[in-house]
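A short worksheet on the structure shown next.
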Amino acid sequence: MPRPKKIETDKSSLIGAKKSKKGRKELINVTGMRDILPQDQKYWQAVSHVAQKIATDYGYGKIETPILEYTDVFARGIGKQTDIVEKEMYTFEDSGGDSLTLRPEGTAAVVRSYIQHGMINQIQPVKFFYEGPMFRHEKPQSGRYRQFYQFGYEAIGESSPALDAQLILMGWNCLNELGLESVIQVNSMGCPTCREEFKKALLKYYKPKTKQLCESCQRRLVKNPLRLLDCKEESCQKFKDEAPQILDYLDEECKKHFMKVIEYLDELDLPYVLNSGIVRGLDYYSKTVFEYWSADDGEGKSALGGGGRYDGLVEMLGGRDNTPACGLGLGMDRIVSKLREKEIDVPEVYQAEIFVAQLGEAAKKKTFVLYEKLRRRGFKVSQAFYKDNLKTQLEMANKLKVKFTLIIGQKEVGEGTVLVRDMEGGIQEVVDFNKIESDMTKRLDKWHQQKLEKFTAPEVEDIPEGKTKGEKRAKDLDDFNGEADFNFEDSYGGDTMFAGDNEDY
RNA sequence: GUGGCUAUGGUGUAGUGGUUAACACAGCGGUUUGUGGUACCGUUAACUCGAGUUCAAUUCUCGAUAGCCACCCCA
């Protein structure tokens, strides 16, 4: 039986460590990976929340696949010639001699699971939602990490263009509900047959011009001709206009499919652009491909997400022939950094509304119990029983932005009362200890009511302005943030905000 | 993977070839031992690592590491 190798923890080299002045070595995290700290969690939860909401709205069930798969799952699915498989995968041999890989994307594993569990026998399409970390060994940059988080939707077993369009819509909805404006870039890569034709045509067109192309394009010509259309070098730009277009090489069926998708997008009034440069780096795509670009990023600096149809993948991974499928993935890291960049408000992970403060030992014991009682009754309550002075406790209450602080000292213990302090006005009232729950319910209800009124008031004025469908898109682009913000906040208003989400972690 | 730029307390920034490396914010403690959001005082805390040049390096040079930017590619 193979024994694990002895782990050297104290190499003289300082790789992965930083020496502190006391001579101890502080360990640091691995290149391209990072901690997501408590104060940043609200962004991730907001994204996750919307992703899950859209999933359930459209009937996509959550699936969790292992982070490790046999290397073949990705090698066969993504394509051996792709950058991802060629040089970006975290692949290693385990002690049993199997080649394993940290998943670099989500689709292949979902398809593997679909096949393995015989889901072909369920009602088609089978619709999946996933969320979690992916790993690629690329050179890190902002918005590019070696461990990054993605969520995505996959629908397997359906070929209708309505599915493509609906998936495109779902991804766009996610971004929109988060208050992010995005433009969809769409293209069709055709089926393998038309793609071969197109590749031939491209080669025929570019071959004679080889010497005039930039260095990377000369490489592309040999390795991946489709990427020639992607080049931003000026010297190559001039050839692009005359270059063959994939759309001209689509066969009847692919063309019809693509037209339908476009029709649906038009009908849904989605902001899209036909972009023949969208090629996607994974071999399994066919027909429809798309990406979401942030509306303010012009050249699509970093796509927020993308996806497409992958009719051949199920077969490639050993499933039934001709099983159609379509899906998309969105990058959570990039969405989060956009939210922060645009200073979009997201709700706190936990917003306490009541703070329980105490003075003196007897009071501390009493509030300990009171706190539990309130918490179990569903009040959002916070405390600092490890601090003894009132000033500090009020400071904390203030930082936590609670609405009420309940103060119990010697006097209150004796009288059987509680001092209720309204943190906004500083007004304090004495309340009977036994009536505190109903009293708090009443006060908080009133406060929520007031907040809601304040919130909805300006919205009412906006509605009467009729918007015709035609002008809507351009006009709404400016409003997206405001409007989306509102809906978003509102959907969080309820008491059960993240109640379910937390258990997933 | 290739090329470029950067590296000072927890964070954001000053600054210097030579005694105590400055400021702001945050943290902790106090100014009324029963009262917060605005004040005041105190206090904690840093020159990424290694090698070289030098009498002397946080400062100059090289290397490592990390971050950022471009290419590549994508999320």
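Chain labels run A, B, ... following the order of the structure tokens; each chain numbers its residues from 1, and ligands are numbered from 1 in the order shown.
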For the interface of chain A with chain B (cut-off 6 Å, counting only C-alpha atoms (C1' of nucleotides)), please tabulate each contacting residue of chain A alongside its nearest pair of atoms and their separation in Å to one decimal, rows sorted by chain and increasing number, as JSON lines.
{"residue": "A:Gly305", "atom": "CA", "partner": "B:A75", "partner_atom": "C1'", "distance": 5.8}
{"residue": "A:Gly331", "atom": "CA", "partner": "B:A75", "partner_atom": "C1'", "distance": 4.2}
{"residue": "A:Lys391", "atom": "CA", "partner": "B:U35", "partner_atom": "C1'", "distance": 5.9}
{"residue": "A:Leu394", "atom": "CA", "partner": "B:G36", "partner_atom": "C1'", "distance": 4.6}
{"residue": "A:Glu395", "atom": "CA", "partner": "B:G36", "partner_atom": "C1'", "distance": 4.4}
{"residue": "A:Asn398", "atom": "CA", "partner": "B:G36", "partner_atom": "C1'", "distance": 5.5}
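Running DSSP on the backbone gives strand (DSSP E) for these residues within stretch 286-394 of chain A: Ser286, Lys287, Thr288, Val289, Phe290, Glu291, Tyr292, Trp293, Ser294, Gly305, Gly306, Gly307, Gly308, Arg309, Ala325, Cys326, Gly327, Leu328, Gly329, Leu330, Gly331, Ile354, Phe355, Val356, Ala357, Gln358, Val381, Ser382 and Gln383 of chain A.
Computed from the coordinates, the atom C1' of B:C40 to atom CA of A:Tyr386 distance equals 26.8 Å.
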(request) Mind checking which residues fall within 12 Å of B:C41, counting only C-alpha atoms (C1' of nucleotides), ignoring those fewer than 2 positions away in the same chain, and posting them as an NGL selection string? (result) :B and (29-31 or 39 or 43)
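When atom CA of A:Asp72 is paired with atom CA of A:Ile123, their separation reads 27.8 Å.
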(request) Taking the chain letters and numbering used in this document, name the residues of stretch 12-145 of chain A that DSSP puts in alpha helix (DSSP H), as a ChimeraX atom specification. (result) /A:41-57,71-78,83,107-116
Selection to disk with C-alpha atoms, as a compact mmCIF listing (two decimals), in the first residue's frame:
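Output file again24.txt follows:
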# COMPACT_ATOMS: atom_id res chain seq x y z
CA GLN A 41 -19.57 37.63 1.36
CA LYS A 42 -22.60 39.80 0.76
CA TYR A 43 -21.63 40.22 -2.87
CA TRP A 44 -21.22 36.51 -3.41
CA GLN A 45 -24.43 35.73 -1.68
CA ALA A 46 -26.25 38.29 -3.76
CA VAL A 47 -24.99 36.70 -6.98
CA SER A 48 -25.67 33.22 -5.72
CA HIS A 49 -29.13 34.21 -4.62
CA VAL A 50 -30.07 35.59 -8.03
CA ALA A 51 -28.53 32.60 -9.81
CA GLN A 52 -30.60 30.20 -7.74
CA LYS A 53 -33.73 32.24 -8.09
CA ILE A 54 -33.48 32.24 -11.88
CA ALA A 55 -32.74 28.53 -11.79
CA THR A 56 -35.89 27.72 -9.87
CA ASP A 57 -37.95 30.19 -11.89
CA THR A 71 -8.91 13.60 -16.69
CA ASP A 72 -10.64 11.98 -19.63
CA VAL A 73 -13.93 13.67 -18.82
CA PHE A 74 -12.39 16.98 -19.75
CA ALA A 75 -9.88 15.81 -22.32
CA ARG A 76 -12.56 14.15 -24.38
CA GLY A 77 -15.21 16.76 -23.83
CA ILE A 78 -13.37 20.04 -24.08
CA ASP A 83 -5.71 25.80 -24.53
CA THR A 107 -20.41 21.44 -18.42
CA ALA A 108 -18.41 18.28 -19.02
CA ALA A 109 -19.03 16.97 -15.52
CA VAL A 110 -22.75 17.65 -15.71
CA VAL A 111 -22.94 15.74 -18.98
CA ARG A 112 -20.93 12.91 -17.45
CA SER A 113 -23.43 12.75 -14.62
CA TYR A 114 -26.37 12.83 -17.02
CA ILE A 115 -24.97 9.82 -18.83
CA GLN A 116 -23.84 7.95 -15.73
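Atom CA of A:Arg377 lies 27.1 Å from atom CA of A:Asn389.
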(message) For A:Glu131, find every residue with an atom within 10 Å (counting only C-alpha atoms (C1' of nucleotides)), except residues of its own chain fewer than 2 positions away, and show them as a PyMOL selection string.
(response) chain A and resi 48+51-52+62-65+106+129+133-134+149-153+329-332
Give me the residues near A:Phe258 as an mmCIF file with N, CA and C atoms, in the first residue's frame, where near means some atom within 7 Å (using only C-alpha atoms (C1' of nucleotides)) and where sequence neighbours in that chain fewer than 3 positions away do not count.
data_model
loop_
_atom_site.group_PDB
_atom_site.id
_atom_site.type_symbol
_atom_site.label_atom_id
_atom_site.label_comp_id
_atom_site.auth_asym_id
_atom_site.auth_seq_id
_atom_site.Cartn_x
_atom_site.Cartn_y
_atom_site.Cartn_z
ATOM 1 N N SER A 188 -23.160 31.797 -34.674
ATOM 2 C CA SER A 188 -23.401 30.370 -34.839
ATOM 3 C C SER A 188 -22.149 29.746 -35.420
ATOM 4 N N CYS A 254 -28.770 24.391 -39.927
ATOM 5 C CA CYS A 254 -28.093 25.288 -38.985
ATOM 6 C C CYS A 254 -28.558 26.726 -39.181
ATOM 7 N N LYS A 255 -28.742 27.077 -40.421
ATOM 8 C CA LYS A 255 -29.158 28.436 -40.716
ATOM 9 C C LYS A 255 -30.547 28.689 -40.133
ATOM 10 N N VAL A 261 -33.378 31.403 -33.399
ATOM 11 C CA VAL A 261 -32.840 31.946 -32.147
ATOM 12 C C VAL A 261 -32.900 33.465 -32.177
ATOM 13 N N ILE A 262 -32.419 34.033 -33.286
ATOM 14 C CA ILE A 262 -32.408 35.487 -33.434
ATOM 15 C C ILE A 262 -33.820 36.065 -33.357
ATOM 16 N N THR A 288 -25.386 27.547 -32.007
ATOM 17 C CA THR A 288 -25.409 28.814 -31.282
ATOM 18 C C THR A 288 -24.278 28.957 -30.254
#
(message) I need the residue nearest A:Met396 from this list: A:Val420, A:Ile344, A:Val356, A:Glu372. Use only C-alpha atoms for the distance.
(response) A:Val356
(request) Compile the contact shell of A:Leu374 as a PyMOL selection string: residues with an atom at most 10 Å away, counting only C-alpha atoms (C1' of nucleotides), same-chain residues fewer than 6 positions apart removed. (result) chain A and resi 354+356+380-382+436-437+440
Output for the residues just chosen: N, CA and C atoms as a PDB file, in the first residue's frame:
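Saved as result_26.pdb:
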ATOM      1  N   ILE A 354     -32.244  44.382  16.241  1.00  0.00           N
ATOM      2  CA  ILE A 354     -32.298  44.638  17.683  1.00  0.00           C
ATOM      3  C   ILE A 354     -30.939  44.309  18.289  1.00  0.00           C
ATOM      4  N   VAL A 356     -29.119  43.737  22.077  1.00  0.00           N
ATOM      5  CA  VAL A 356     -29.415  43.572  23.499  1.00  0.00           C
ATOM      6  C   VAL A 356     -28.187  43.966  24.313  1.00  0.00           C
ATOM      7  N   LYS A 380     -34.221  39.418  14.386  1.00  0.00           N
ATOM      8  CA  LYS A 380     -32.820  39.522  13.997  1.00  0.00           C
ATOM      9  C   LYS A 380     -32.127  40.336  15.075  1.00  0.00           C
ATOM     10  N   VAL A 381     -31.410  39.649  15.928  1.00  0.00           N
ATOM     11  CA  VAL A 381     -30.925  40.293  17.128  1.00  0.00           C
ATOM     12  C   VAL A 381     -29.436  40.053  17.301  1.00  0.00           C
ATOM     13  N   SER A 382     -28.762  41.054  17.871  1.00  0.00           N
ATOM     14  CA  SER A 382     -27.330  40.944  18.068  1.00  0.00           C
ATOM     15  C   SER A 382     -26.970  41.331  19.501  1.00  0.00           C
ATOM     16  N   ILE A 436     -42.101  42.382  26.120  1.00  0.00           N
ATOM     17  CA  ILE A 436     -41.108  42.891  25.166  1.00  0.00           C
ATOM     18  C   ILE A 436     -41.265  42.304  23.756  1.00  0.00           C
ATOM     19  N   GLU A 437     -41.671  41.039  23.676  1.00  0.00           N
ATOM     20  CA  GLU A 437     -41.775  40.426  22.352  1.00  0.00           C
ATOM     21  C   GLU A 437     -42.865  41.072  21.513  1.00  0.00           C
ATOM     22  N   MET A 440     -41.843  44.605  20.597  1.00  0.00           N
ATOM     23  CA  MET A 440     -40.863  44.680  19.509  1.00  0.00           C
ATOM     24  C   MET A 440     -41.524  44.387  18.168  1.00  0.00           C
TER      25      MET A 440
END
